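Undergrad: This is the structure I have questions about; it appears just below.
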Amino acid sequence: MPIRLDERLSKIASLISGGTVADVGCDHGKLAYYLVSTDRASKAIATDISEGSLKKARELASENGADELVITRLGDGLAPIASGEVDAVVIAGLGGDVISKILLDAHREGKRFQSYVLSPNTHPEKARRALSEIGQKITYDSAVECAGKLYTVIASREGQGALDELEETFGAFYLRDAQFEKRAAQELKYIASLIGGGASSDKLARRKKLLETALENIKKER
Ligand SMILES: C[S@@+](CC[C@H](N)C(=O)[O-])C[C@H]1O[C@@H](n2cnc3c(N)ncnc32)[C@H](O)[C@@H]1O
């Protein structure tokens, strides 16, 4: 039976095009089941550190007759997946610091994967930096709105892709992202109002500087 994904998971699914996929931290298992039931993936390995989550994923696949196409494995990060075992690795709904650790630990152990789709809840810059460090080039990087919140979605494939600080912070394609420009201008206005109201911290001043530079770069690019 087909299931509907929300905008965040739909965007992630749209970035998978064939082959096998690992969904690390699958929880409910909706993405893995959706990918195999719509032929976006030929097989999905759904992993989680929690047995309770895996049970949900297993039940969803089983109720829909997809037991053979969705394989569940218990474990931390990429530990349950062998090097090159899947064509794409998805890690969504975890913090950027955890995602970064998962990527770097696996890389240190010699594991290599062709492509990734990441959706960090927090600290997207850490996920972007980790991708560069493991020899992945970002091919998609944007924010998707879902239930009134913005979620970062990043896709990458093997290749060299060093990012500067602004690209790491705001997205690999911030210079050409009209939505980012709008959000950055709004955030800058908000920060200016905080500073005008007496707020002051190194972090605030640094963020203001980065936003100003990003907006100047966008103007220069036109
Ligand atoms: C918020 S849910 C996200 C579920 C799904 N990926 C999504 O984006 O809708 C986070 C899931 O990641 C799992 N998780 C947290 N840390 C993990 C780790 N180090 N390795 C594997 N799974 C982890 C949790 O048990 C939980 O099921």
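Naming scheme: A, B, ... for chains in displayed order of the structure tokens; residues 1 onward per chain; ligands 1 onward as shown.
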Residues within 10 Å of ligand 1 should be enumerated using only C-alpha atoms and all ligand atoms and returned as a compact mmCIF listing (two decimals) with N, CA and C atoms, in the first residue's frame.
TA:
```txt
# COMPACT_ATOMS: atom_id res chain seq x y z
N LEU A 5 4.47 10.73 2.28
CA LEU A 5 5.53 11.29 3.12
C LEU A 5 5.28 12.79 3.29
N ASP A 6 5.77 13.36 4.38
CA ASP A 6 5.67 14.82 4.52
C ASP A 6 6.70 15.48 3.59
N ARG A 8 9.45 17.11 4.07
CA ARG A 8 10.88 16.85 4.36
C ARG A 8 11.31 15.48 3.82
N LEU A 9 10.54 14.45 4.19
CA LEU A 9 10.91 13.10 3.73
C LEU A 9 10.72 12.96 2.22
N ILE A 12 13.79 14.29 0.58
CA ILE A 12 14.88 13.32 0.74
C ILE A 12 14.69 12.17 -0.25
N ASP A 23 19.03 3.56 5.37
CA ASP A 23 18.43 4.67 6.11
C ASP A 23 18.87 4.52 7.56
N VAL A 24 19.87 5.32 7.92
CA VAL A 24 20.48 5.23 9.26
C VAL A 24 19.67 6.10 10.24
N GLY A 25 19.18 5.49 11.31
CA GLY A 25 18.30 6.20 12.25
C GLY A 25 16.90 6.28 11.64
N CYS A 26 16.41 5.10 11.20
CA CYS A 26 15.17 5.05 10.39
C CYS A 26 13.92 5.31 11.21
N ASP A 27 13.96 5.05 12.51
CA ASP A 27 12.80 5.19 13.40
C ASP A 27 11.57 4.47 12.85
N HIS A 28 10.56 5.23 12.40
CA HIS A 28 9.29 4.67 11.89
C HIS A 28 9.47 3.83 10.62
N GLY A 29 10.58 4.02 9.91
CA GLY A 29 10.84 3.23 8.70
C GLY A 29 10.06 3.65 7.47
N LYS A 30 9.42 4.83 7.55
CA LYS A 30 8.58 5.26 6.41
C LYS A 30 9.39 5.49 5.14
N LEU A 31 10.56 6.10 5.31
CA LEU A 31 11.36 6.42 4.12
C LEU A 31 11.80 5.14 3.40
N ALA A 32 12.31 4.19 4.18
CA ALA A 32 12.79 2.93 3.59
C ALA A 32 11.65 2.24 2.84
N ALA A 46 17.29 -0.58 6.73
CA ALA A 46 16.86 0.42 7.71
C ALA A 46 17.54 0.09 9.03
N THR A 47 18.33 1.03 9.53
CA THR A 47 19.05 0.76 10.77
C THR A 47 18.63 1.75 11.86
N ASP A 48 18.81 1.34 13.09
CA ASP A 48 18.56 2.26 14.21
C ASP A 48 19.31 1.75 15.42
N ILE A 49 19.58 2.68 16.32
CA ILE A 49 20.27 2.31 17.56
C ILE A 49 19.26 1.78 18.58
N SER A 50 17.97 1.98 18.28
CA SER A 50 16.92 1.56 19.20
C SER A 50 16.11 0.41 18.61
N GLU A 51 15.98 -0.66 19.40
CA GLU A 51 15.22 -1.84 18.95
C GLU A 51 13.74 -1.46 18.76
N GLY A 52 13.23 -0.56 19.62
CA GLY A 52 11.82 -0.13 19.51
C GLY A 52 11.55 0.51 18.16
N SER A 53 12.49 1.34 17.71
CA SER A 53 12.33 1.99 16.40
C SER A 53 12.35 0.95 15.29
N LEU A 54 13.29 0.02 15.38
CA LEU A 54 13.40 -1.00 14.33
C LEU A 54 12.13 -1.82 14.23
N LYS A 56 9.11 -0.80 14.74
CA LYS A 56 8.11 -0.02 13.96
C LYS A 56 8.41 -0.16 12.47
N ALA A 57 9.70 -0.04 12.13
CA ALA A 57 10.10 -0.11 10.72
C ALA A 57 9.78 -1.49 10.14
N ARG A 73 18.37 -3.55 10.67
CA ARG A 73 19.57 -3.93 11.44
C ARG A 73 19.75 -2.96 12.60
N LEU A 74 20.10 -3.52 13.74
CA LEU A 74 20.32 -2.73 14.96
C LEU A 74 21.78 -2.28 15.01
N GLY A 75 22.01 -1.03 15.38
CA GLY A 75 23.40 -0.62 15.56
C GLY A 75 23.58 0.89 15.53
N ASP A 76 24.78 1.29 15.91
CA ASP A 76 25.14 2.71 16.00
C ASP A 76 25.67 3.20 14.65
N GLY A 77 25.08 4.25 14.13
CA GLY A 77 25.58 4.86 12.90
C GLY A 77 25.72 3.88 11.76
N LEU A 78 26.90 3.92 11.12
CA LEU A 78 27.11 3.05 9.96
C LEU A 78 27.71 1.69 10.32
N ALA A 79 27.77 1.41 11.64
CA ALA A 79 28.35 0.12 12.07
C ALA A 79 27.65 -1.09 11.43
N PRO A 80 26.32 -1.07 11.29
CA PRO A 80 25.68 -2.27 10.71
C PRO A 80 25.77 -2.38 9.19
N VAL A 90 21.31 7.46 3.70
CA VAL A 90 20.49 8.58 4.18
C VAL A 90 20.64 8.65 5.70
N ILE A 91 20.88 9.86 6.21
CA ILE A 91 20.83 10.07 7.67
C ILE A 91 20.03 11.34 7.89
N ALA A 92 18.84 11.19 8.45
CA ALA A 92 17.94 12.34 8.61
C ALA A 92 17.36 12.38 10.02
N GLY A 93 17.16 13.60 10.49
CA GLY A 93 16.50 13.77 11.77
C GLY A 93 17.43 13.62 12.96
N LEU A 94 18.72 13.61 12.73
CA LEU A 94 19.71 13.59 13.82
C LEU A 94 20.46 14.93 13.79
N GLY A 95 21.12 15.27 14.88
CA GLY A 95 21.87 16.53 14.92
C GLY A 95 23.10 16.46 14.01
N VAL A 98 26.10 14.67 15.54
CA VAL A 98 26.02 13.20 15.53
C VAL A 98 26.26 12.68 14.12
N ILE A 99 25.65 13.34 13.12
CA ILE A 99 25.84 12.91 11.73
C ILE A 99 27.31 12.99 11.35
N LYS A 101 29.90 12.80 13.28
CA LYS A 101 30.65 11.73 13.96
C LYS A 101 30.44 10.39 13.24
N ILE A 102 29.20 10.13 12.84
CA ILE A 102 28.89 8.86 12.14
C ILE A 102 29.72 8.77 10.85
N LEU A 118 21.66 13.82 3.52
CA LEU A 118 21.65 14.14 4.95
C LEU A 118 20.61 15.21 5.25
N SER A 119 19.95 15.08 6.40
CA SER A 119 19.07 16.16 6.83
C SER A 119 19.29 16.39 8.32
N PRO A 120 20.33 17.20 8.63
CA PRO A 120 20.63 17.44 10.04
C PRO A 120 19.59 18.38 10.67
N ASN A 121 19.16 18.03 11.89
CA ASN A 121 18.22 18.89 12.64
C ASN A 121 18.87 20.17 13.09
```
Undergrad: Give me the residues within 12 Å of region 171-185 of chain A as a ChimeraX atom specification, counting only C-alpha atoms and dropping any in the same chain fewer than 2 places off.
TA: /A:123-129,131-132,137-145,150,152-156,161-169,187-192,207-222
Undergrad: Among chain A, which ones does DSSP place in helix (DSSP H, G or I), written as an MDAnalysis selection string?
TA: chainID A and resid 7:14 30:37 51:63 96:108 124:133 165:170 174:176 178:196 202:221
Undergrad: Pick the closest to Tyr33 (chain A) from A:Ala130, A:Leu69, A:Leu194, A:Ile81: which is it, counting only C-alpha atoms?
TA: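 Among A:Ala130, A:Leu69, A:Leu194, A:Ile81, it is A:Leu69 that comes nearest to Tyr33 (chain A).
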Undergrad: Compare A:Ala106, A:Ala66, A:Ile45, A:Leu35 by their minimum atom-to-atom distance to Leu15 (chain A), counting only C-alpha atoms, and give me the closest one.
TA: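 Among the listed residues, the smallest separation from Leu15 (chain A) belongs to A:Leu35.
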Undergrad: Could you pull out the strand (DSSP E or B) residues of chain A from DSSP and send them as a tab-separated table (two decimals) with C-alpha atoms, in the first residue's frame?
TA:
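Done, and the output landed in result-v5.tsv:
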```
chain	number	residue	atom	x	y	z
A	20	THR	CA	20.25	0.24	-2.80
A	21	VAL	CA	19.94	2.56	0.16
A	22	ALA	CA	20.68	2.56	3.88
A	23	ASP	CA	18.43	4.67	6.11
A	24	VAL	CA	20.48	5.23	9.26
A	43	LYS	CA	16.45	-2.63	-1.54
A	44	ALA	CA	16.63	-0.67	1.71
A	45	ILE	CA	18.57	-1.42	4.86
A	46	ALA	CA	16.86	0.42	7.71
A	47	THR	CA	19.05	0.76	10.77
A	48	ASP	CA	18.56	2.26	14.21
A	70	VAL	CA	13.34	-3.66	3.71
A	71	ILE	CA	16.00	-5.26	5.89
A	72	THR	CA	16.33	-3.98	9.45
A	73	ARG	CA	19.57	-3.93	11.44
A	74	LEU	CA	20.32	-2.73	14.96
A	88	ALA	CA	23.31	5.74	-1.02
A	89	VAL	CA	23.29	6.46	2.70
A	90	VAL	CA	20.49	8.58	4.18
A	91	ILE	CA	20.83	10.07	7.67
A	92	ALA	CA	17.94	12.34	8.61
A	115	SER	CA	26.51	9.05	-2.16
A	116	TYR	CA	24.76	10.53	0.84
A	117	VAL	CA	21.53	12.37	1.60
A	118	LEU	CA	21.65	14.14	4.95
A	119	SER	CA	19.07	16.16	6.83
A	136	GLN	CA	32.15	13.94	-0.94
A	137	LYS	CA	31.06	16.82	-3.15
A	138	ILE	CA	27.71	18.44	-2.36
A	139	THR	CA	25.29	18.29	-5.30
A	140	TYR	CA	22.14	19.60	-3.60
A	141	ASP	CA	21.79	21.81	-0.53
A	142	SER	CA	18.62	23.63	0.34
A	143	ALA	CA	15.99	24.14	3.02
A	144	VAL	CA	12.56	22.56	2.81
A	145	GLU	CA	9.58	23.86	4.76
A	146	CYS	CA	7.57	21.26	6.63
A	149	LYS	CA	9.69	24.66	10.15
A	150	LEU	CA	12.71	24.75	7.87
A	151	TYR	CA	14.79	21.61	7.41
A	152	THR	CA	18.16	21.44	5.67
A	153	VAL	CA	18.52	18.71	3.05
A	154	ILE	CA	21.95	17.99	1.56
A	155	ALA	CA	22.92	15.45	-1.12
A	156	SER	CA	26.44	14.52	-2.16
A	157	ARG	CA	28.47	12.15	-4.31
A	158	GLU	CA	32.10	11.13	-4.42
```
Undergrad: To one decimal place in Å, what is the distance between CA of Ile134 (chain A) and CA of Arg112 (chain A)?
TA: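 For CA of Ile134 (chain A) relative to CA of Arg112 (chain A), the distance reads 8.5 Å.
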Undergrad: For Pro2 (chain A), list every protein, DNA or RNA residue within 8 Å, evaluated using only C-alpha atoms, and leave out those in the same chain fewer than 6 positions away; present the list as a list in words.
TA: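 Result of the neighbour search: Tyr34, Ser37 and Thr38 of chain A.
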